[in-house]
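Enquirer: This is query_25.cif, which holds mmCIF, N, CA and C atoms:
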data_run
loop_
_atom_site.group_PDB
_atom_site.id
_atom_site.type_symbol
_atom_site.label_atom_id
_atom_site.label_comp_id
_atom_site.auth_asym_id
_atom_site.auth_seq_id
_atom_site.Cartn_x
_atom_site.Cartn_y
_atom_site.Cartn_z
ATOM 1 N N MET A 106 -32.655 3.194 55.155
ATOM 2 C CA MET A 106 -32.058 1.916 55.410
ATOM 3 C C MET A 106 -31.302 1.412 54.194
ATOM 4 N N LYS A 107 -31.879 1.621 53.029
ATOM 5 C CA LYS A 107 -31.224 1.176 51.816
ATOM 6 C C LYS A 107 -29.923 1.938 51.595
ATOM 7 N N ARG A 108 -29.910 3.181 51.981
ATOM 8 C CA ARG A 108 -28.722 4.001 51.793
ATOM 9 C C ARG A 108 -27.567 3.474 52.647
ATOM 10 N N LYS A 109 -27.839 3.068 53.883
ATOM 11 C CA LYS A 109 -26.803 2.541 54.766
ATOM 12 C C LYS A 109 -26.224 1.251 54.204
ATOM 13 N N ARG A 110 -27.071 0.390 53.675
ATOM 14 C CA ARG A 110 -26.589 -0.862 53.102
ATOM 15 C C ARG A 110 -25.724 -0.580 51.870
ATOM 16 N N GLY A 111 -26.076 0.403 51.083
ATOM 17 C CA GLY A 111 -25.303 0.748 49.893
ATOM 18 C C GLY A 111 -23.913 1.242 50.264
ATOM 19 N N VAL A 112 -23.812 2.088 51.280
ATOM 20 C CA VAL A 112 -22.525 2.600 51.738
ATOM 21 C C VAL A 112 -21.699 1.473 52.350
ATOM 22 N N LEU A 113 -22.358 0.647 53.162
ATOM 23 C CA LEU A 113 -21.671 -0.477 53.797
ATOM 24 C C LEU A 113 -21.160 -1.458 52.748
ATOM 25 N N SER A 114 -21.967 -1.716 51.758
ATOM 26 C CA SER A 114 -21.573 -2.623 50.686
ATOM 27 C C SER A 114 -20.398 -2.047 49.894
ATOM 28 N N ALA A 115 -20.418 -0.750 49.657
ATOM 29 C CA ALA A 115 -19.317 -0.106 48.922
ATOM 30 C C ALA A 115 -18.032 -0.162 49.734
ATOM 31 N N LEU A 116 -18.123 0.091 51.049
ATOM 32 C CA LEU A 116 -16.934 0.028 51.911
ATOM 33 C C LEU A 116 -16.372 -1.388 51.969
ATOM 34 N N THR A 117 -17.251 -2.371 52.069
ATOM 35 C CA THR A 117 -16.817 -3.766 52.095
ATOM 36 C C THR A 117 -16.151 -4.128 50.769
ATOM 37 N N GLY A 118 -16.693 -3.624 49.689
ATOM 38 C CA GLY A 118 -16.107 -3.884 48.368
ATOM 39 C C GLY A 118 -14.722 -3.278 48.222
ATOM 40 N N LEU A 119 -14.454 -2.145 48.867
ATOM 41 C CA LEU A 119 -13.137 -1.509 48.823
ATOM 42 C C LEU A 119 -12.152 -2.149 49.802
ATOM 43 N N LEU A 120 -12.678 -2.682 50.882
ATOM 44 C CA LEU A 120 -11.829 -3.239 51.933
ATOM 45 C C LEU A 120 -11.002 -4.420 51.428
ATOM 46 N N PHE A 121 -11.596 -5.309 50.668
ATOM 47 C CA PHE A 121 -10.873 -6.482 50.183
ATOM 48 C C PHE A 121 -9.698 -6.114 49.270
ATOM 49 N N PRO A 122 -9.866 -5.261 48.255
ATOM 50 C CA PRO A 122 -8.715 -4.907 47.415
ATOM 51 C C PRO A 122 -7.605 -4.190 48.192
ATOM 52 N N VAL A 123 -7.970 -3.344 49.146
ATOM 53 C CA VAL A 123 -6.976 -2.638 49.944
ATOM 54 C C VAL A 123 -6.198 -3.633 50.803
ATOM 55 N N ALA A 124 -6.895 -4.573 51.421
ATOM 56 C CA ALA A 124 -6.236 -5.594 52.247
ATOM 57 C C ALA A 124 -5.336 -6.480 51.387
ATOM 58 N N ALA A 125 -5.797 -6.830 50.204
ATOM 59 C CA ALA A 125 -4.988 -7.662 49.298
ATOM 60 C C ALA A 125 -3.727 -6.916 48.869
ATOM 61 N N LEU A 126 -3.837 -5.641 48.584
ATOM 62 C CA LEU A 126 -2.680 -4.842 48.197
ATOM 63 C C LEU A 126 -1.679 -4.728 49.349
ATOM 64 N N ALA A 127 -2.176 -4.532 50.557
ATOM 65 C CA ALA A 127 -1.309 -4.448 51.732
ATOM 66 C C ALA A 127 -0.569 -5.770 51.952
ATOM 67 N N ALA A 128 -1.263 -6.878 51.795
ATOM 68 C CA ALA A 128 -0.636 -8.195 51.953
ATOM 69 C C ALA A 128 0.417 -8.412 50.879
ATOM 70 N N LEU A 129 0.152 -7.990 49.672
ATOM 71 C CA LEU A 129 1.108 -8.125 48.573
ATOM 72 C C LEU A 129 2.358 -7.294 48.817
ATOM 73 N N LEU A 130 2.186 -6.092 49.334
ATOM 74 C CA LEU A 130 3.334 -5.248 49.659
ATOM 75 C C LEU A 130 4.183 -5.863 50.781
ATOM 76 N N CYS A 131 3.523 -6.418 51.780
ATOM 77 C CA CYS A 131 4.253 -7.084 52.870
ATOM 78 C C CYS A 131 5.034 -8.281 52.338
ATOM 79 N N PHE A 132 4.444 -9.049 51.454
ATOM 80 C CA PHE A 132 5.093 -10.215 50.871
ATOM 81 C C PHE A 132 6.309 -9.792 50.042
ATOM 82 N N ALA A 133 6.169 -8.749 49.244
ATOM 83 C CA ALA A 133 7.284 -8.261 48.424
ATOM 84 C C ALA A 133 8.433 -7.768 49.300
ATOM 85 N N THR A 134 8.121 -7.084 50.372
ATOM 86 C CA THR A 134 9.147 -6.603 51.304
ATOM 87 C C THR A 134 9.873 -7.772 51.957
ATOM 88 N N ALA A 135 9.133 -8.784 52.360
ATOM 89 C CA ALA A 135 9.742 -9.964 52.983
ATOM 90 C C ALA A 135 10.665 -10.685 52.012
ATOM 91 N N LEU A 136 10.275 -10.802 50.745
ATOM 92 C CA LEU A 136 11.119 -11.445 49.737
ATOM 93 C C LEU A 136 12.413 -10.669 49.522
ATOM 94 N N GLU A 137 12.330 -9.361 49.498
ATOM 95 C CA GLU A 137 13.518 -8.531 49.311
ATOM 96 C C GLU A 137 14.477 -8.698 50.483
ATOM 97 N N GLU A 138 13.963 -8.716 51.693
ATOM 98 C CA GLU A 138 14.812 -8.901 52.877
ATOM 99 C C GLU A 138 15.446 -10.287 52.890
ATOM 100 N N LEU A 139 14.717 -11.289 52.448
ATOM 101 C CA LEU A 139 15.259 -12.641 52.369
ATOM 102 C C LEU A 139 16.399 -12.698 51.363
ATOM 103 N N SER A 140 16.232 -12.054 50.234
ATOM 104 C CA SER A 140 17.270 -12.018 49.215
ATOM 105 C C SER A 140 18.526 -11.330 49.737
ATOM 106 N N GLU A 141 18.354 -10.219 50.455
ATOM 107 C CA GLU A 141 19.500 -9.513 51.021
ATOM 108 C C GLU A 141 20.213 -10.374 52.056
ATOM 109 N N GLY A 142 19.465 -11.118 52.842
ATOM 110 C CA GLY A 142 20.048 -12.002 53.847
ATOM 111 C C GLY A 142 20.865 -13.116 53.217
ATOM 112 N N ARG A 143 20.364 -13.689 52.132
ATOM 113 C CA ARG A 143 21.101 -14.736 51.413
ATOM 114 C C ARG A 143 22.382 -14.177 50.824
ATOM 115 N N SER A 144 22.297 -13.001 50.296
ATOM 116 C CA SER A 144 23.450 -12.363 49.684
ATOM 117 C C SER A 144 24.553 -12.129 50.720
ATOM 118 N N GLU A 145 24.169 -11.641 51.883
ATOM 119 C CA GLU A 145 25.131 -11.400 52.959
ATOM 120 C C GLU A 145 25.727 -12.717 53.445
ATOM 121 N N GLU A 146 24.915 -13.749 53.506
ATOM 122 C CA GLU A 146 25.405 -15.063 53.936
ATOM 123 C C GLU A 146 26.418 -15.620 52.933
ATOM 124 N N ALA A 147 26.172 -15.445 51.643
ATOM 125 C CA ALA A 147 27.113 -15.908 50.619
ATOM 126 C C ALA A 147 28.443 -15.163 50.731
ATOM 127 N N ARG A 148 28.387 -13.867 50.992
ATOM 128 C CA ARG A 148 29.604 -13.079 51.150
ATOM 129 C C ARG A 148 30.395 -13.559 52.368
ATOM 130 N N ARG A 149 29.689 -13.793 53.468
ATOM 131 C CA ARG A 149 30.335 -14.255 54.699
ATOM 132 C C ARG A 149 30.955 -15.635 54.516
ATOM 133 N N GLN A 150 30.271 -16.530 53.821
ATOM 134 C CA GLN A 150 30.793 -17.871 53.586
ATOM 135 C C GLN A 150 32.050 -17.841 52.721
ATOM 136 N N LEU A 151 32.068 -16.978 51.710
ATOM 137 C CA LEU A 151 33.267 -16.856 50.878
ATOM 138 C C LEU A 151 34.438 -16.365 51.708
ATOM 139 N N GLU A 152 34.204 -15.373 52.535
ATOM 140 C CA GLU A 152 35.280 -14.844 53.382
ATOM 141 C C GLU A 152 35.804 -15.923 54.337
ATOM 142 N N GLU A 153 34.903 -16.700 54.921
ATOM 143 C CA GLU A 153 35.327 -17.791 55.813
ATOM 144 C C GLU A 153 36.119 -18.846 55.054
ATOM 145 N N ALA A 154 35.690 -19.187 53.842
ATOM 146 C CA ALA A 154 36.401 -20.183 53.038
ATOM 147 C C ALA A 154 37.812 -19.694 52.709
ATOM 148 N N LEU A 155 37.947 -18.417 52.414
ATOM 149 C CA LEU A 155 39.278 -17.868 52.133
ATOM 150 C C LEU A 155 40.174 -17.952 53.368
ATOM 151 N N ARG A 156 39.622 -17.636 54.510
ATOM 152 C CA ARG A 156 40.407 -17.718 55.754
ATOM 153 C C ARG A 156 40.792 -19.165 56.073
ATOM 154 N N ARG A 157 39.869 -20.095 55.895
ATOM 155 C CA ARG A 157 40.196 -21.508 56.132
ATOM 156 C C ARG A 157 41.270 -21.992 55.160
ATOM 157 N N GLY A 158 41.200 -21.538 53.921
ATOM 158 C CA GLY A 158 42.223 -21.894 52.939
ATOM 159 C C GLY A 158 43.588 -21.366 53.341
ATOM 160 N N CYS A 159 43.619 -20.159 53.869
ATOM 161 C CA CYS A 159 44.890 -19.581 54.334
ATOM 162 C C CYS A 159 45.475 -20.406 55.481
ATOM 163 N N VAL A 160 44.629 -20.800 56.406
ATOM 164 C CA VAL A 160 45.090 -21.600 57.545
ATOM 165 C C VAL A 160 45.571 -22.969 57.076
ATOM 166 N N ALA A 161 44.869 -23.573 56.141
ATOM 167 C CA ALA A 161 45.294 -24.866 55.600
ATOM 168 C C ALA A 161 46.645 -24.742 54.908
ATOM 169 N N CYS A 162 46.833 -23.679 54.148
ATOM 170 C CA CYS A 162 48.111 -23.438 53.485
ATOM 171 C C CYS A 162 49.228 -23.284 54.515
ATOM 172 N N TYR A 163 48.961 -22.547 55.566
ATOM 173 C CA TYR A 163 49.963 -22.347 56.612
ATOM 174 C C TYR A 163 50.319 -23.672 57.285
ATOM 175 N N ALA A 164 49.313 -24.506 57.514
ATOM 176 C CA ALA A 164 49.549 -25.798 58.157
ATOM 177 C C ALA A 164 50.370 -26.727 57.270
ATOM 178 N N VAL A 165 50.124 -26.707 55.971
ATOM 179 C CA VAL A 165 50.812 -27.608 55.041
ATOM 180 C C VAL A 165 52.182 -27.073 54.627
ATOM 181 N N GLU A 166 52.234 -25.794 54.279
ATOM 182 C CA GLU A 166 53.449 -25.232 53.682
ATOM 183 C C GLU A 166 54.309 -24.436 54.661
ATOM 184 N N GLY A 167 53.764 -24.105 55.820
ATOM 185 C CA GLY A 167 54.535 -23.342 56.795
ATOM 186 C C GLY A 167 54.508 -21.842 56.578
ATOM 187 N N SER A 168 53.724 -21.387 55.611
ATOM 188 C CA SER A 168 53.573 -19.950 55.374
ATOM 189 C C SER A 168 52.192 -19.701 54.778
ATOM 190 N N TYR A 169 51.716 -18.488 54.975
ATOM 191 C CA TYR A 169 50.429 -18.119 54.392
ATOM 192 C C TYR A 169 50.607 -17.872 52.903
ATOM 193 N N PRO A 170 49.556 -18.054 52.107
ATOM 194 C CA PRO A 170 49.666 -17.835 50.664
ATOM 195 C C PRO A 170 50.044 -16.389 50.349
ATOM 196 N N SER A 171 50.911 -16.223 49.387
ATOM 197 C CA SER A 171 51.360 -14.884 49.021
ATOM 198 C C SER A 171 50.354 -14.157 48.131
ATOM 199 N N SER A 172 49.434 -14.910 47.528
ATOM 200 C CA SER A 172 48.449 -14.274 46.646
ATOM 201 C C SER A 172 47.140 -15.061 46.647
ATOM 202 N N LEU A 173 46.126 -14.420 46.188
ATOM 203 C CA LEU A 173 44.812 -15.045 46.064
ATOM 204 C C LEU A 173 44.865 -16.161 45.019
ATOM 205 N N GLU A 174 45.640 -15.954 43.974
ATOM 206 C CA GLU A 174 45.780 -16.953 42.913
ATOM 207 C C GLU A 174 46.357 -18.254 43.459
ATOM 208 N N GLN A 175 47.279 -18.156 44.408
ATOM 209 C CA GLN A 175 47.856 -19.346 45.018
ATOM 210 C C GLN A 175 46.774 -20.153 45.742
ATOM 211 N N LEU A 176 45.895 -19.478 46.429
ATOM 212 C CA LEU A 176 44.778 -20.163 47.094
ATOM 213 C C LEU A 176 43.868 -20.851 46.078
ATOM 214 N N GLU A 177 43.590 -20.177 44.993
ATOM 215 C CA GLU A 177 42.717 -20.745 43.969
ATOM 216 C C GLU A 177 43.371 -21.951 43.298
ATOM 217 N N ASP A 178 44.655 -21.836 42.960
ATOM 218 C CA ASP A 178 45.344 -22.901 42.234
ATOM 219 C C ASP A 178 45.610 -24.131 43.093
ATOM 220 N N ARG A 179 46.119 -23.920 44.293
ATOM 221 C CA ARG A 179 46.572 -25.037 45.116
ATOM 222 C C ARG A 179 45.500 -25.617 46.032
ATOM 223 N N TYR A 180 44.510 -24.813 46.390
ATOM 224 C CA TYR A 180 43.534 -25.264 47.382
ATOM 225 C C TYR A 180 42.110 -25.324 46.852
ATOM 226 N N GLY A 181 41.941 -25.125 45.562
ATOM 227 C CA GLY A 181 40.655 -25.329 44.913
ATOM 228 C C GLY A 181 39.561 -24.327 45.237
ATOM 229 N N LEU A 182 39.922 -23.184 45.779
ATOM 230 C CA LEU A 182 38.898 -22.177 46.059
ATOM 231 C C LEU A 182 38.411 -21.565 44.750
ATOM 232 N N GLN A 183 37.112 -21.389 44.655
ATOM 233 C CA GLN A 183 36.521 -20.771 43.474
ATOM 234 C C GLN A 183 35.796 -19.507 43.895
ATOM 235 N N ILE A 184 36.065 -18.430 43.182
ATOM 236 C CA ILE A 184 35.471 -17.132 43.508
ATOM 237 C C ILE A 184 34.678 -16.652 42.307
ATOM 238 N N ASP A 185 33.434 -16.302 42.537
ATOM 239 C CA ASP A 185 32.603 -15.717 41.488
ATOM 240 C C ASP A 185 33.012 -14.245 41.379
ATOM 241 N N LYS A 186 33.925 -13.954 40.468
ATOM 242 C CA LYS A 186 34.494 -12.611 40.373
ATOM 243 C C LYS A 186 33.528 -11.590 39.779
ATOM 244 N N GLU A 187 32.470 -12.059 39.152
ATOM 245 C CA GLU A 187 31.447 -11.133 38.675
ATOM 246 C C GLU A 187 30.574 -10.659 39.839
ATOM 247 N N ARG A 188 30.420 -11.526 40.829
ATOM 248 C CA ARG A 188 29.550 -11.202 41.965
ATOM 249 C C ARG A 188 30.308 -10.567 43.129
ATOM 250 N N PHE A 189 31.566 -10.989 43.348
ATOM 251 C CA PHE A 189 32.331 -10.520 44.492
ATOM 252 C C PHE A 189 33.665 -9.916 44.083
ATOM 253 N N THR A 190 34.094 -8.941 44.846
ATOM 254 C CA THR A 190 35.442 -8.389 44.731
ATOM 255 C C THR A 190 36.161 -8.771 46.010
ATOM 256 N N VAL A 191 37.345 -9.377 45.850
ATOM 257 C CA VAL A 191 38.113 -9.811 47.007
ATOM 258 C C VAL A 191 39.382 -8.986 47.080
ATOM 259 N N ARG A 192 39.581 -8.389 48.227
ATOM 260 C CA ARG A 192 40.823 -7.653 48.495
ATOM 261 C C ARG A 192 41.664 -8.557 49.375
ATOM 262 N N TYR A 193 42.821 -8.968 48.859
ATOM 263 C CA TYR A 193 43.703 -9.899 49.563
ATOM 264 C C TYR A 193 45.062 -9.232 49.681
ATOM 265 N N ARG A 194 45.497 -9.029 50.902
ATOM 266 C CA ARG A 194 46.773 -8.350 51.121
ATOM 267 C C ARG A 194 47.629 -9.193 52.063
ATOM 268 N N ALA A 195 48.671 -9.798 51.494
ATOM 269 C CA ALA A 195 49.595 -10.604 52.289
ATOM 270 C C ALA A 195 50.599 -9.667 52.945
ATOM 271 N N LEU A 196 50.716 -9.762 54.255
ATOM 272 C CA LEU A 196 51.609 -8.886 55.009
ATOM 273 C C LEU A 196 53.000 -9.508 55.149
ATOM 274 N N ALA A 197 53.053 -10.754 55.530
ATOM 275 C CA ALA A 197 54.304 -11.489 55.686
ATOM 276 C C ALA A 197 53.960 -12.972 55.648
ATOM 277 N N GLU A 198 54.984 -13.817 55.495
ATOM 278 C CA GLU A 198 54.734 -15.250 55.404
ATOM 279 C C GLU A 198 54.117 -15.826 56.670
ATOM 280 N N ASN A 199 54.407 -15.214 57.822
ATOM 281 C CA ASN A 199 53.926 -15.754 59.092
ATOM 282 C C ASN A 199 52.753 -14.974 59.699
ATOM 283 N N LEU A 200 52.185 -14.037 58.942
ATOM 284 C CA LEU A 200 51.023 -13.266 59.404
ATOM 285 C C LEU A 200 49.830 -13.528 58.489
ATOM 286 N N MET A 201 48.685 -13.710 59.122
ATOM 287 C CA MET A 201 47.454 -13.939 58.356
ATOM 288 C C MET A 201 47.187 -12.758 57.430
ATOM 289 N N PRO A 202 46.931 -13.017 56.164
ATOM 290 C CA PRO A 202 46.641 -11.923 55.226
ATOM 291 C C PRO A 202 45.356 -11.180 55.595
ATOM 292 N N GLU A 203 45.273 -9.936 55.161
ATOM 293 C CA GLU A 203 44.032 -9.171 55.305
ATOM 294 C C GLU A 203 43.120 -9.579 54.162
ATOM 295 N N ILE A 204 41.897 -9.993 54.498
ATOM 296 C CA ILE A 204 40.946 -10.451 53.480
ATOM 297 C C ILE A 204 39.667 -9.651 53.642
ATOM 298 N N THR A 205 39.241 -9.032 52.568
ATOM 299 C CA THR A 205 37.977 -8.300 52.543
ATOM 300 C C THR A 205 37.195 -8.756 51.331
ATOM 301 N N VAL A 206 35.949 -9.137 51.544
ATOM 302 C CA VAL A 206 35.079 -9.568 50.447
ATOM 303 C C VAL A 206 33.928 -8.577 50.345
ATOM 304 N N LEU A 207 33.751 -8.035 49.149
ATOM 305 C CA LEU A 207 32.657 -7.093 48.892
ATOM 306 C C LEU A 207 31.797 -7.634 47.770
ATOM 307 N N GLU A 208 30.489 -7.437 47.892
ATOM 308 C CA GLU A 208 29.591 -7.867 46.825
ATOM 309 C C GLU A 208 29.440 -6.740 45.813
ATOM 310 N N ASN A 209 29.592 -7.083 44.550
ATOM 311 C CA ASN A 209 29.444 -6.098 43.475
ATOM 312 C C ASN A 209 27.975 -5.774 43.275
ATOM 313 N N GLU A 210 27.714 -4.573 42.838
ATOM 314 C CA GLU A 210 26.345 -4.161 42.526
ATOM 315 C C GLU A 210 25.881 -4.885 41.266
ATOM 316 N N PRO A 211 24.630 -5.352 41.242
ATOM 317 C CA PRO A 211 24.128 -6.055 40.052
ATOM 318 C C PRO A 211 23.939 -5.137 38.878
#
Translate the structure of the given file into structure tokens.
Expert:
Amino acid sequence: MKRKRGVLSALTGLLFPVAALAALLCFATALEELSEGRSEEARRQLEEALRRGCVACYAVEGSYPSSLEQLEDRYGLQIDKERFTVRYRALAENLMPEITVLENEP
């Protein structure tokens, strides 16, 4: 009888640290996924802001901005160039530019 209690006590003693480690791993995974989701949301918001700026420029000036710098200077857009790379390609004055926003690796 004493032997069974000793084994049971040892198993119970191991169960708590294993469960705590599993919970910690789940928490770390959830934090990483949350961080990735925020990062993607920031990239999407920047791309939307650039598109809205282009439309505002077209409405005011009658043509889309010829460069990204024009959007920054005249419409107050701010781009974190260390965090994001923006590919901006103006096709013509009356066509919406191609805008691609990529997040740089940390």
Enquirer: Taking into account all atoms listed in the file, which residue in the set A:Glu210, A:Glu174, A:Gln183, A:Val165 is nearest to Leu151 in chain A?
Expert: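 Comparing A:Glu210, A:Glu174, A:Gln183, A:Val165 against Leu151 in chain A, the winner is A:Gln183.
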Enquirer: Could you tell me how far atom C of Gly158 in chain A lies from atom C of Leu173 in chain A, in Å and to one decimal?
Expert: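 Separating atom C of Gly158 in chain A from atom C of Leu173 in chain A is a distance of 9.9 Å.
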Enquirer: Tell me which residues the PyMOL selection byres ((chain A and resi 211) around 8) grabs here, as JSON, numbers by chain.
Expert: {"A": [187, 188, 208, 209, 210]}
Enquirer: Need to verify the contact set: Thr205 in chain A, 7 Å, all atoms listed in the file, exclusion of same-chain residues closer than 5 positions in sequence. Can you return it as a list of chain:residue names?
Expert: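 Within the cut-off, the hits are A:Glu152, A:Thr190, A:Val191, A:Arg192, A:Tyr193, A:Arg194.
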Enquirer: For range 196-204 of chain A, please output as an MDAnalysis selection string all residues within 8 Å (counting all atoms listed in the file; exclusion window: fewer than 3 positions along the same chain).
Expert: chainID A and resid 152 155:156 159:160 163 167:171 191:193 207
Enquirer: My structure is short of atoms at range 168-177 of chain A; please model all heavy atoms there, returning them as a PDB file, in the frame of the given file.
Expert:
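What landed in out_9.pdb:
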ATOM      1  N   SER A 168      53.724 -21.387  55.611  1.00  0.00           N
ATOM      2  CA  SER A 168      53.573 -19.950  55.374  1.00  0.00           C
ATOM      3  C   SER A 168      52.192 -19.701  54.778  1.00  0.00           C
ATOM      4  O   SER A 168      51.593 -20.584  54.171  1.00  0.00           O
ATOM      5  CB  SER A 168      54.658 -19.426  54.428  1.00  0.00           C
ATOM      6  OG  SER A 168      54.541 -20.044  53.160  1.00  0.00           O
ATOM      7  N   TYR A 169      51.716 -18.488  54.975  1.00  0.00           N
ATOM      8  CA  TYR A 169      50.429 -18.119  54.392  1.00  0.00           C
ATOM      9  C   TYR A 169      50.607 -17.872  52.903  1.00  0.00           C
ATOM     10  O   TYR A 169      51.707 -17.528  52.442  1.00  0.00           O
ATOM     11  CB  TYR A 169      49.866 -16.870  55.081  1.00  0.00           C
ATOM     12  CG  TYR A 169      49.369 -17.138  56.473  1.00  0.00           C
ATOM     13  CD1 TYR A 169      50.092 -16.734  57.591  1.00  0.00           C
ATOM     14  CD2 TYR A 169      48.177 -17.820  56.680  1.00  0.00           C
ATOM     15  CE1 TYR A 169      49.638 -16.989  58.879  1.00  0.00           C
ATOM     16  CE2 TYR A 169      47.710 -18.078  57.964  1.00  0.00           C
ATOM     17  CZ  TYR A 169      48.446 -17.660  59.052  1.00  0.00           C
ATOM     18  OH  TYR A 169      47.988 -17.926  60.319  1.00  0.00           O
ATOM     19  N   PRO A 170      49.556 -18.054  52.107  1.00  0.00           N
ATOM     20  CA  PRO A 170      49.666 -17.835  50.664  1.00  0.00           C
ATOM     21  C   PRO A 170      50.044 -16.389  50.349  1.00  0.00           C
ATOM     22  O   PRO A 170      49.542 -15.459  50.973  1.00  0.00           O
ATOM     23  CB  PRO A 170      48.285 -18.169  50.120  1.00  0.00           C
ATOM     24  CG  PRO A 170      47.446 -18.563  51.260  1.00  0.00           C
ATOM     25  CD  PRO A 170      48.215 -18.443  52.503  1.00  0.00           C
ATOM     26  N   SER A 171      50.911 -16.223  49.387  1.00  0.00           N
ATOM     27  CA  SER A 171      51.360 -14.884  49.021  1.00  0.00           C
ATOM     28  C   SER A 171      50.354 -14.157  48.131  1.00  0.00           C
ATOM     29  O   SER A 171      50.408 -12.944  47.989  1.00  0.00           O
ATOM     30  CB  SER A 171      52.715 -14.956  48.316  1.00  0.00           C
ATOM     31  OG  SER A 171      52.602 -15.763  47.152  1.00  0.00           O
ATOM     32  N   SER A 172      49.434 -14.910  47.528  1.00  0.00           N
ATOM     33  CA  SER A 172      48.449 -14.274  46.646  1.00  0.00           C
ATOM     34  C   SER A 172      47.140 -15.061  46.647  1.00  0.00           C
ATOM     35  O   SER A 172      47.094 -16.234  47.039  1.00  0.00           O
ATOM     36  CB  SER A 172      48.984 -14.198  45.220  1.00  0.00           C
ATOM     37  OG  SER A 172      49.064 -15.501  44.668  1.00  0.00           O
ATOM     38  N   LEU A 173      46.126 -14.420  46.188  1.00  0.00           N
ATOM     39  CA  LEU A 173      44.812 -15.045  46.064  1.00  0.00           C
ATOM     40  C   LEU A 173      44.865 -16.161  45.019  1.00  0.00           C
ATOM     41  O   LEU A 173      44.238 -17.203  45.166  1.00  0.00           O
ATOM     42  CB  LEU A 173      43.784 -13.979  45.674  1.00  0.00           C
ATOM     43  CG  LEU A 173      42.325 -14.359  45.700  1.00  0.00           C
ATOM     44  CD1 LEU A 173      41.917 -14.848  47.075  1.00  0.00           C
ATOM     45  CD2 LEU A 173      41.475 -13.177  45.293  1.00  0.00           C
ATOM     46  N   GLU A 174      45.640 -15.954  43.974  1.00  0.00           N
ATOM     47  CA  GLU A 174      45.780 -16.953  42.913  1.00  0.00           C
ATOM     48  C   GLU A 174      46.357 -18.254  43.459  1.00  0.00           C
ATOM     49  O   GLU A 174      45.983 -19.347  43.024  1.00  0.00           O
ATOM     50  CB  GLU A 174      46.641 -16.418  41.769  1.00  0.00           C
ATOM     51  CG  GLU A 174      45.986 -15.325  40.957  1.00  0.00           C
ATOM     52  CD  GLU A 174      45.939 -13.975  41.671  1.00  0.00           C
ATOM     53  OE1 GLU A 174      46.797 -13.698  42.540  1.00  0.00           O
ATOM     54  OE2 GLU A 174      45.004 -13.202  41.374  1.00  0.00           O
ATOM     55  N   GLN A 175      47.279 -18.156  44.408  1.00  0.00           N
ATOM     56  CA  GLN A 175      47.856 -19.346  45.018  1.00  0.00           C
ATOM     57  C   GLN A 175      46.774 -20.153  45.742  1.00  0.00           C
ATOM     58  O   GLN A 175      46.747 -21.381  45.650  1.00  0.00           O
ATOM     59  CB  GLN A 175      48.972 -18.963  46.000  1.00  0.00           C
ATOM     60  CG  GLN A 175      49.683 -20.143  46.615  1.00  0.00           C
ATOM     61  CD  GLN A 175      50.791 -19.724  47.578  1.00  0.00           C
ATOM     62  OE1 GLN A 175      51.123 -18.539  47.693  1.00  0.00           O
ATOM     63  NE2 GLN A 175      51.354 -20.692  48.269  1.00  0.00           N
ATOM     64  N   LEU A 176      45.895 -19.478  46.429  1.00  0.00           N
ATOM     65  CA  LEU A 176      44.778 -20.163  47.094  1.00  0.00           C
ATOM     66  C   LEU A 176      43.868 -20.851  46.078  1.00  0.00           C
ATOM     67  O   LEU A 176      43.430 -21.978  46.288  1.00  0.00           O
ATOM     68  CB  LEU A 176      43.947 -19.171  47.901  1.00  0.00           C
ATOM     69  CG  LEU A 176      44.347 -18.913  49.333  1.00  0.00           C
ATOM     70  CD1 LEU A 176      43.467 -17.827  49.935  1.00  0.00           C
ATOM     71  CD2 LEU A 176      44.293 -20.160  50.163  1.00  0.00           C
ATOM     72  N   GLU A 177      43.590 -20.177  44.993  1.00  0.00           N
ATOM     73  CA  GLU A 177      42.717 -20.745  43.969  1.00  0.00           C
ATOM     74  C   GLU A 177      43.371 -21.951  43.298  1.00  0.00           C
ATOM     75  O   GLU A 177      42.731 -22.980  43.087  1.00  0.00           O
ATOM     76  CB  GLU A 177      42.358 -19.692  42.923  1.00  0.00           C
ATOM     77  CG  GLU A 177      41.443 -18.611  43.450  1.00  0.00           C
ATOM     78  CD  GLU A 177      41.177 -17.512  42.446  1.00  0.00           C
ATOM     79  OE1 GLU A 177      42.150 -16.951  41.899  1.00  0.00           O
ATOM     80  OE2 GLU A 177      39.990 -17.238  42.198  1.00  0.00           O
TER      81      GLU A 177
END
